[in-house]
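**Student:** structure_4.tsv (TSV, C-alpha atoms and all ligand atoms) pasted underneath:
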chain	number	residue	atom	x	y	z
K	1	MET	CA	26.72	12.37	68.51
K	2	ARG	CA	27.03	15.88	67.12
K	3	HIS	CA	23.37	16.45	67.73
K	4	SER	CA	23.51	15.30	71.31
K	5	LEU	CA	26.53	17.54	71.89
K	6	ARG	CA	24.68	20.48	70.41
K	7	LEU	CA	21.62	19.63	72.46
K	8	SER	CA	23.57	19.43	75.68
K	9	ALA	CA	25.29	22.73	74.83
K	10	LEU	CA	21.86	24.27	74.37
K	11	LEU	CA	20.60	22.77	77.61
K	12	ILE	CA	23.61	24.07	79.51
K	13	ILE	CA	23.05	27.53	78.08
K	14	LEU	CA	19.36	27.32	78.99
K	15	ALA	CA	20.20	26.14	82.48
K	16	LEU	CA	22.68	28.97	82.92
K	17	SER	CA	20.33	31.58	81.58
K	18	SER	CA	18.64	31.49	84.96
K	19	PRO	CA	21.58	32.71	87.04
K	20	ALA	CA	19.31	33.24	90.05
K	21	GLN	CA	19.62	29.49	90.56
K	22	MET	CA	23.37	29.72	91.07
K	23	PRO	CA	24.83	30.48	94.49
K	24	GLU	CA	26.03	34.06	95.03
K	25	LYS	CA	29.05	33.15	97.14
K	26	PHE	CA	31.57	30.42	96.50
K	27	THR	CA	32.89	28.71	99.59
K	28	ASN	CA	35.21	25.94	98.41
K	29	LEU	CA	37.45	27.31	95.64
K	30	GLN	CA	40.95	25.85	96.01
K	31	VAL	CA	42.48	26.47	92.58
K	32	LEU	CA	40.47	29.29	91.00
K	33	PRO	CA	40.92	32.74	92.60
K	34	LYS	CA	38.63	33.04	95.61
K	35	ASP	CA	37.45	36.48	94.47
K	36	ILE	CA	36.57	35.30	90.96
K	37	LYS	CA	33.57	37.12	89.48
K	38	ARG	CA	30.41	35.07	89.23
K	39	ALA	CA	30.19	35.51	85.46
K	40	GLN	CA	33.79	34.33	85.07
K	41	LEU	CA	33.17	31.24	87.19
K	42	ILE	CA	30.11	30.40	85.09
K	43	ASP	CA	32.23	30.75	81.93
K	44	LYS	CA	34.86	28.42	83.39
K	45	MET	CA	32.26	25.82	84.34
K	46	LYS	CA	30.67	26.03	80.89
K	47	SER	CA	34.07	25.47	79.30
K	48	PHE	CA	34.73	22.44	81.57
K	49	ALA	CA	31.38	20.94	80.59
K	50	MET	CA	31.79	21.68	76.87
K	51	GLY	CA	35.44	20.57	76.90
K	52	LEU	CA	34.55	17.12	78.24
K	53	GLY	CA	31.10	16.81	76.65
K	54	VAL	CA	29.41	16.44	80.06
K	55	ARG	CA	26.91	18.32	82.21
K	56	CYS	CA	27.23	19.84	85.69
K	57	PRO	CA	26.30	16.61	87.63
K	58	PHE	CA	29.35	14.85	86.18
K	59	CYS	CA	31.37	16.73	88.79
K	60	HIS	CA	28.75	18.17	91.14
K	61	VAL	CA	26.23	16.65	93.51
K	62	GLY	CA	22.82	17.26	92.02
K	63	GLU	CA	20.23	15.59	89.87
K	64	GLU	CA	20.13	15.92	86.11
K	65	GLY	CA	17.14	18.01	85.06
K	66	LYS	CA	16.56	19.50	88.53
K	67	PRO	CA	17.00	23.28	89.05
K	68	LEU	CA	20.59	24.31	89.81
K	69	SER	CA	19.35	25.74	93.12
K	70	THR	CA	19.00	22.14	94.35
K	71	PHE	CA	22.69	21.36	93.60
K	72	ASP	CA	25.45	21.36	96.18
K	73	PHE	CA	28.30	22.85	94.14
K	74	ALA	CA	30.65	23.37	97.09
K	75	THR	CA	30.87	19.76	98.26
K	76	ASP	CA	33.73	17.55	97.06
K	77	ASP	CA	31.77	14.29	97.19
K	78	LYS	CA	32.08	13.56	93.46
K	79	PRO	CA	35.49	12.04	92.56
K	80	ASN	CA	35.39	13.74	89.15
K	81	LYS	CA	35.47	17.12	90.86
K	82	ALA	CA	38.77	16.23	92.54
K	83	ILE	CA	40.22	15.03	89.23
K	84	ALA	CA	38.98	18.19	87.53
K	85	ARG	CA	40.73	20.31	90.17
K	86	LYS	CA	44.07	18.62	89.45
K	87	MET	CA	43.48	19.00	85.72
K	88	LEU	CA	42.69	22.70	86.22
K	89	ALA	CA	45.92	23.20	88.20
K	90	MET	CA	47.82	21.42	85.40
K	91	VAL	CA	46.23	23.62	82.72
K	92	MET	CA	46.99	26.79	84.70
K	93	GLU	CA	50.61	25.75	85.17
K	94	ILE	CA	51.00	24.97	81.47
K	95	ASN	CA	49.48	28.35	80.56
K	96	THR	CA	51.46	30.44	83.01
K	97	LYS	CA	54.82	28.62	83.23
K	98	HIS	CA	55.46	26.49	80.19
K	99	LEU	CA	53.73	28.02	77.18
K	100	PRO	CA	55.10	31.55	77.74
K	101	ASN	CA	58.64	30.05	77.59
K	102	ALA	CA	58.03	27.74	74.66
K	103	GLY	CA	59.25	30.19	72.03
K	104	LEU	CA	55.93	30.42	70.21
K	105	ASP	CA	55.32	33.38	67.92
K	106	GLU	CA	52.11	34.30	69.64
K	107	PRO	CA	51.00	33.82	73.22
K	108	ILE	CA	48.45	31.03	73.42
K	109	GLU	CA	46.54	29.26	76.15
K	110	ILE	CA	45.30	25.70	76.23
K	111	SER	CA	41.99	24.60	77.73
K	112	CYS	CA	40.31	21.34	78.71
K	113	TYR	CA	39.14	21.09	75.12
K	114	THR	CA	42.73	21.03	73.80
K	115	CYS	CA	43.10	17.45	75.04
K	116	HIS	CA	39.55	16.32	75.72
K	117	ARG	CA	37.91	17.55	72.51
K	118	GLY	CA	34.44	17.03	73.88
K	119	SER	CA	35.20	13.60	75.35
K	120	LYS	CA	35.65	12.33	78.92
K	121	GLU	CA	38.60	10.22	77.89
K	122	PRO	CA	41.09	11.83	75.54
K	123	ALA	CA	43.12	9.55	73.27
K	124	LEU	CA	46.30	8.44	75.05
K	125	THR	CA	48.27	7.47	71.95
K	126	SER	CA	48.33	8.44	68.31
K	127	PRO	CA	46.16	6.39	65.96
K	128	MET	CA	47.60	2.99	64.95
K	129	PRO	CA	49.93	3.03	61.93
K	130	PRO	CA	48.33	1.85	58.67
K	131	PRO	CA	48.14	-1.96	58.32
K	132	PRO	CA	50.98	-3.67	56.39
K	133	PRO	CA	50.38	-4.55	52.71
K	134	ALA	CA	48.52	-7.82	52.05
K	135	GLY	CA	50.65	-10.94	52.59
K	136	GLN	CA	52.95	-9.29	55.06
K	137	ALA	CA	52.74	-9.98	58.78
K	138	PRO	CA	52.65	-7.00	61.12
K	139	GLY	CA	56.19	-5.98	62.07
K	140	GLU	CA	57.70	-8.07	59.22
K	141	LYS	CA	60.10	-6.31	56.87
K	142	PRO	CA	58.78	-5.64	53.35
K	143	LYS	CA	59.70	-8.63	51.12
K	144	GLU	CA	61.17	-6.62	48.29
K	145	THR	CA	62.97	-3.37	48.56
K	146	PRO	CA	63.09	-1.34	45.36
K	147	LYS	CA	66.62	-1.74	43.91
K	148	GLU	CA	66.91	1.65	42.38
K	149	GLN	CA	65.82	4.86	43.86
K	150	PRO	CA	64.66	7.52	41.38
K	151	LYS	CA	67.76	9.55	40.45
K	152	GLU	CA	66.02	12.84	40.28
K	153	THR	CA	63.68	14.14	42.87
K	154	PRO	CA	60.42	14.84	41.09
K	155	LYS	CA	59.74	18.53	40.66
K	156	LEU	CA	56.78	19.68	42.73
T	201	LIG	C1	34.63	18.55	84.87
T	201	LIG	C2	34.15	18.89	86.19
T	201	LIG	C3	33.19	20.05	86.36
T	201	LIG	C4	32.05	20.32	85.66
T	201	LIG	C5	31.48	19.58	84.45
T	201	LIG	C6	31.45	21.47	86.29
T	201	LIG	N1	32.22	21.87	87.36
T	201	LIG	FE1	31.75	23.35	88.67
T	201	LIG	N2	33.53	23.03	89.66
T	201	LIG	C7	34.45	22.08	89.32
T	201	LIG	C8	35.61	22.23	90.18
T	201	LIG	C9	36.89	21.39	90.13
T	201	LIG	C10	35.34	23.29	91.05
T	201	LIG	C11	36.26	23.83	92.17
T	201	LIG	C12	37.33	24.74	91.59
T	201	LIG	C13	38.37	25.17	92.62
T	201	LIG	O1	38.57	24.46	93.61
T	201	LIG	O2	39.01	26.22	92.40
T	201	LIG	C14	34.00	23.76	90.72
T	201	LIG	C15	33.32	24.78	91.40
T	201	LIG	C16	32.05	25.21	91.09
T	201	LIG	C17	31.31	26.20	91.87
T	201	LIG	C18	31.79	26.89	93.13
T	201	LIG	C19	31.38	26.07	94.35
T	201	LIG	C20	31.90	26.67	95.67
T	201	LIG	O3	31.10	27.21	96.44
T	201	LIG	O4	33.11	26.57	95.93
T	201	LIG	C21	30.10	26.38	91.23
T	201	LIG	C22	28.97	27.31	91.66
T	201	LIG	C23	30.10	25.50	90.07
T	201	LIG	N3	31.28	24.81	90.04
T	201	LIG	C24	29.05	25.41	89.17
T	201	LIG	C25	29.05	24.57	88.05
T	201	LIG	C26	27.97	24.55	87.07
T	201	LIG	C27	26.72	25.41	87.10
T	201	LIG	C28	28.32	23.59	86.15
T	201	LIG	C29	27.57	23.17	84.88
T	201	LIG	C30	27.52	24.21	83.87
T	201	LIG	C31	29.61	23.05	86.56
T	201	LIG	N4	30.01	23.67	87.71
T	201	LIG	C32	30.28	22.07	85.87
T	201	LIG	C33	34.31	21.11	88.35
T	201	LIG	C34	33.29	21.04	87.43
T	202	LIG	C1	47.16	17.54	78.67
T	202	LIG	C2	45.90	16.92	78.33
T	202	LIG	C3	44.71	17.21	79.23
T	202	LIG	C4	44.15	18.43	79.55
T	202	LIG	C5	44.60	19.81	79.07
T	202	LIG	C6	43.03	18.16	80.40
T	202	LIG	N1	42.90	16.82	80.59
T	202	LIG	FE1	41.48	15.88	81.74
T	202	LIG	N2	42.26	14.07	81.25
T	202	LIG	C7	43.37	13.87	80.47
T	202	LIG	C8	43.65	12.46	80.38
T	202	LIG	C9	44.79	11.82	79.60
T	202	LIG	C10	42.68	11.80	81.17
T	202	LIG	C11	42.53	10.30	81.45
T	202	LIG	C12	41.57	9.68	80.47
T	202	LIG	C13	41.44	8.20	80.72
T	202	LIG	O1	41.11	7.81	81.87
T	202	LIG	O2	41.65	7.43	79.78
T	202	LIG	C14	41.81	12.86	81.70
T	202	LIG	C15	40.74	12.61	82.53
T	202	LIG	C16	39.93	13.61	83.09
T	202	LIG	C17	38.83	13.36	83.99
T	202	LIG	C18	38.33	11.97	84.43
T	202	LIG	C19	37.33	11.51	83.39
T	202	LIG	C20	36.81	10.12	83.62
T	202	LIG	O3	35.73	9.79	83.06
T	202	LIG	O4	37.48	9.35	84.32
T	202	LIG	C21	38.30	14.57	84.32
T	202	LIG	C22	37.13	14.83	85.25
T	202	LIG	C23	39.08	15.58	83.63
T	202	LIG	N3	40.07	14.96	82.91
T	202	LIG	C24	38.86	16.94	83.71
T	202	LIG	C25	39.59	17.90	83.01
T	202	LIG	C26	39.31	19.32	83.09
T	202	LIG	C27	38.18	19.97	83.88
T	202	LIG	C28	40.24	19.93	82.29
T	202	LIG	C29	40.43	21.44	82.06
T	202	LIG	C30	40.57	22.24	83.27
T	202	LIG	C31	41.12	18.90	81.74
T	202	LIG	N4	40.67	17.67	82.20
T	202	LIG	C32	42.20	19.13	80.92
T	202	LIG	C33	44.11	14.84	79.82
T	202	LIG	C34	43.90	16.20	79.89
Written as structure tokens, how would this file's structure read?
**Tutor:**
Amino acid sequence: MRHSLRLSALLIILALSSPAQMPEKFTNLQVLPKDIKRAQLIDKMKSFAMGLGVRCPFCHVGEEGKPLSTFDFATDDKPNKAIARKMLAMVMEINTKHLPNAGLDEPIEISCYTCHRGSKEPALTSPMPPPPPAGQAPGEKPKETPKEQPKETPKL
């Protein structure tokens, strides 16, 4: 798992090290600033891919392994691109509206990775609570409650 993540990171970096393959002009930006610098857009796209543990064709029309010049990045034919756009708008709103007013000591920004952590499907709930002790059904109250609580709190 870790290895394949590292490998795909490497492949993405390799793919992006030939920027001549990327279009010069962007024609269908609806959430990112339309005048975004090319290098900044590439950084964003790298962080999307790394955040979700996917490669460019997860959201863009194009064939894995083919040069990026053969991709159609502007088209919205892939449903994941539309989802990603909504997610991006959500992240930008959190970063510009909510986090600055959250009373944190230092200004911070979240990213796709904050939730996704390298996975397409972030966990929706916290991990299950630990199983009950042997002989006790889930949800059942413990059979014996200790009668006396320790009188002194142990010194730490
Ligand atoms: C998780 C989905 C996702 C991944 C993965 C992704 N992109 Fe994107 N990409 C988007 C979205 C969404 C937009 C449109 C943003 C907007 O509307 O402001 C976009 C826009 C672009 C554009 C601008 C297209 C135009 O003309 O409007 C380029 C170029 C691009 N991506 C390249 C890449 C490359 C290269 C990779 C792989 C490193 C990549 N993307 C990975 C979601 C993704
Ligand atoms: C606040 C948490 C959160 C953040 C931040 C977040 N996502 Fe998501 N994302 C989710 C959840 C939850 C799902 C639904 C997972 C599921 O279907 O179980 C999801 C699903 C997706 C999917 C669909 C994946 C699939 O296989 O169906 C895409 C694409 C996606 N997110 C892109 C992004 C991108 C790009 C960013 C950063 C711009 C981002 N997300 C940031 C929570 C988040």
**Student:** Got a sec to check which residues lie within 9 Å of ligand LIG 202 (chain T), using all atoms listed in the file, and send them as JSON, numbers by chain?
**Tutor:** {"K": [44, 45, 47, 48, 49, 51, 52, 58, 59, 79, 80, 81, 82, 83, 84, 85, 86, 87, 88, 89, 90, 91, 92, 94, 110, 111, 112, 113, 114, 115, 116, 119, 120, 121, 122, 123, 124]}
**Student:** Taking all atoms listed in the file into account, which of K:Gln136, K:Thr75, K:Asn101, K:Thr125 comes nearest Leu29 of chain K?
**Tutor:**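 The answer is K:Thr75, which sits nearest to Leu29 of chain K.
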**Student:** Record the distance separating atom CA of Phe71 of chain K and atom CA of Lys25 of chain K, expressed in Å with one decimal.
**Tutor:**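 Straight-line distance from atom CA of Phe71 of chain K to atom CA of Lys25 of chain K works out to 13.9 Å.
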**Student:** When distances are computed from all atoms listed in the file, which of K:Gln21, K:Phe73, K:Gly53, K:Arg38 shows the smallest separation from ligand LIG 201 (chain T)?
**Tutor:**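 Of the candidates, the smallest distance to ligand LIG 201 (chain T) is held by K:Phe73.
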**Student:** In terms of the shortest atom-to-atom distance over all atoms listed in the file, which of K:Pro129, K:His98, K:Ser69, K:Lys78 is closest to Pro57 of chain K?
**Tutor:** K:Lys78
**Student:** Report, as lines of an AutoDock Vina configuration file, the axis-aligned box around all atoms of ligand LIG 201 (chain T) present in the file, extended by 4 Å on each side; give centre and edge lengths in Å to one decimal place.
**Tutor:**
center_x = 32.9
center_y = 22.9
center_z = 90.2
size_x = 20.3
size_y = 16.8
size_z = 20.6
**Student:** Figure out the distance between atom C22 of ligand LIG 201 (chain T) and atom CA of Pro23 of chain K, please, to one decimal in Å.
**Tutor:**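 Atom C22 of ligand LIG 201 (chain T) lies 5.9 Å from atom CA of Pro23 of chain K.
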**Student:** For the atom pair atom C2 of ligand LIG 201 (chain T) and atom CA of Cys56 of chain K, what is the interatomic distance in Å to one decimal place?
**Tutor:**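 These two atoms are separated by 7.0 Å.
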**Student:** Go through K:Leu99, K:Ile108, K:Ala39, K:Leu68 and flag the residue nearest ligand LIG 201 (chain T), using only C-alpha atoms and all ligand atoms for the distances.
**Tutor:**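 Closest to ligand LIG 201 (chain T) of all the choices is K:Leu68.
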**Student:** Go through K:Ile36, K:Leu104, K:Ala74, K:Met50 and flag the residue nearest ligand LIG 201 (chain T), using only C-alpha atoms and all ligand atoms for the distances.
**Tutor:**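 Going through K:Ile36, K:Leu104, K:Ala74, K:Met50 one by one, the smallest distance to ligand LIG 201 (chain T) is for K:Ala74.
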**Student:** Measuring atom to atom with only C-alpha atoms, identify which of K:Ile42, K:Met22, K:Ser126, K:Asn28 is nearest to Asp76 of chain K.
**Tutor:**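 Ranking K:Ile42, K:Met22, K:Ser126, K:Asn28 by distance to Asp76 of chain K, first place goes to K:Asn28.
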